[in-house]
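Have a look at the structure below before the remarks.
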Amino acid sequence: MGLLLGGQLAVAQADEAAQRYGCEQPIRLALYQNLVFYREGQGIDPDMVVELQRRSGCRFDISLLPRSEIWARLQAGSLDMSTSGIATSERRRFAFFVPYLYLRNKLILPASLALQVESLDAFERLTGARLGVIRGYRHGPYLDNGVRVLRGEGRVLEFSDDTARFAALREGEVSALIGHDLNLSGSLPAEQQLDYRVVDVVPGPAVPHGLILARKHFSPAQAAAWLRLVEAMRLDGSLAGIMHAHAPPALADELLNSGYHYELAKQGRQP
């Protein structure tokens, strides 16, 4: 009788967890190739998924898709969840967002141009300079508005991935890329990295990146449950452990810290 009751209790608890997180069926989750988040089966995002699965008890049906296709499927309801997404007013109409890192996108450009480009405005003033971005990406309000200006002048080229756009940068097809220090270190050998600089041209705080939960699959209460789970990871240090496993200490701390910490650092104060 005790074994029977114990089994029934376990089933009831599993059913309750499934309802709490919206995973009565395996969650259809897509990752995408990105040198900051996912590369050759490893990175911040796959480690996040493993930990989310362990803590929630949910099962994931994982696929690897282009970023632009992920957004289309989330909106259509043929995909339930993805990772490291930036919220916009348009995207909030079809998805909930649960942030777990803060990314400072920057300009990656040849060392020969670095002294001329201390701001996005300075880059815009470079006659004929073109910018390389990955199709379907957003970079936060400040950079996205700059991209719109340059796009209107025919000075933005889109690429499918980092390999293609770094090749364009090396060949002079574009003068700069929007990216992160980890994009540079993951794309080029150490000796070639010396020919480039990463310049922080964004005056504001870092941009939150998080889990993306399709509204066609998850309820507001279920999205709140995922938020609570991620915050527990932040509080117990497991989120920091994931960041430090995939980035040098200074960059890992940058990924973890919010705009609040960034603004204090700019003022020479400690949080």
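FYI, nothing fancy with the structure tokens labels: chains A, B, ... in order, residues from 1 per chain, ligands from 1 as they appear.
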
Shell around Phe94 in chain A at 12 Å using only C-alpha atoms, local window under 2 positions removed, as a ChimeraX atom specification: /A:71-77,79-81,87-92,96-97,212-220

Residue list (strand (DSSP E or B), DSSP) for range 35-206 of chain A, as a VMD selection string: chain A and resid 38 to 39 42 60 to 64 81 to 85 95 to 103 106 to 110 131 to 134 156 to 159 176 to 179 196 to 199

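Minimum atom-to-atom distance to Ser78 in chain A, evaluated using only C-alpha atoms, belongs to A:Leu29 out of A:Ala250, A:Val49, A:Leu107, A:Leu29.
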
Report, in Å to a single decimal, how far apart CA of Leu31 in chain A and CA of Asp45 in chain A are. 7.5 Å

Where does DSSP see alpha helix (DSSP H) in range 89-239 of chain A, if you list the residues as a PyMOL selection string? chain A and resi 111-114+120-124+141-152+162-170+181-187+190-193+220-236+238-239

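Residue nearest Val50 in chain A, chosen from A:His180, A:Ser238, A:His209, A:His246 and counting only C-alpha atoms: A:Ser238.
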
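The closest residue to Val36 in chain A, picked from A:Leu255, A:Leu169, A:Leu64, A:Leu227 and counting only C-alpha atoms, is A:Leu255.
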
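For the atom pair formed by CA of Leu126 in chain A and CA of Gly172 in chain A, the distance is 14.1 Å, given to one decimal.
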
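Closest approach to Asp161 in chain A among A:Ser82, A:Gln193, A:Gln33, A:Gln25 is made by A:Gln33 (distances from only C-alpha atoms).
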
Residues near Asn257 in chain A, anyone? I mean within 10 Å using only C-alpha atoms, not counting same-chain ones fewer than 6 positions away, as a compact mmCIF listing (two decimals) with C-alpha atoms, in the first residue's frame.
# COMPACT_ATOMS: atom_id res chain seq x y z
CA TYR A 100 18.84 35.64 -17.72
CA LEU A 101 21.77 37.67 -19.08
CA TYR A 102 22.63 41.22 -20.11
CA LEU A 103 24.55 41.71 -23.34
CA PRO A 205 22.80 49.95 -20.04
CA ALA A 206 23.19 46.44 -21.36
CA PRO A 208 18.42 41.92 -21.36
CA LEU A 251 32.96 39.26 -19.58

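Our summary of the geometry notes that CA of Arg234 in chain A is positioned 18.4 Å from CA of Pro248 in chain A.
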
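In this comparison, which uses only C-alpha atoms, the residue of A:Ala30, A:Ala232, A:Leu143, A:Ala247 approaching Asn183 in chain A most closely is A:Ala247.
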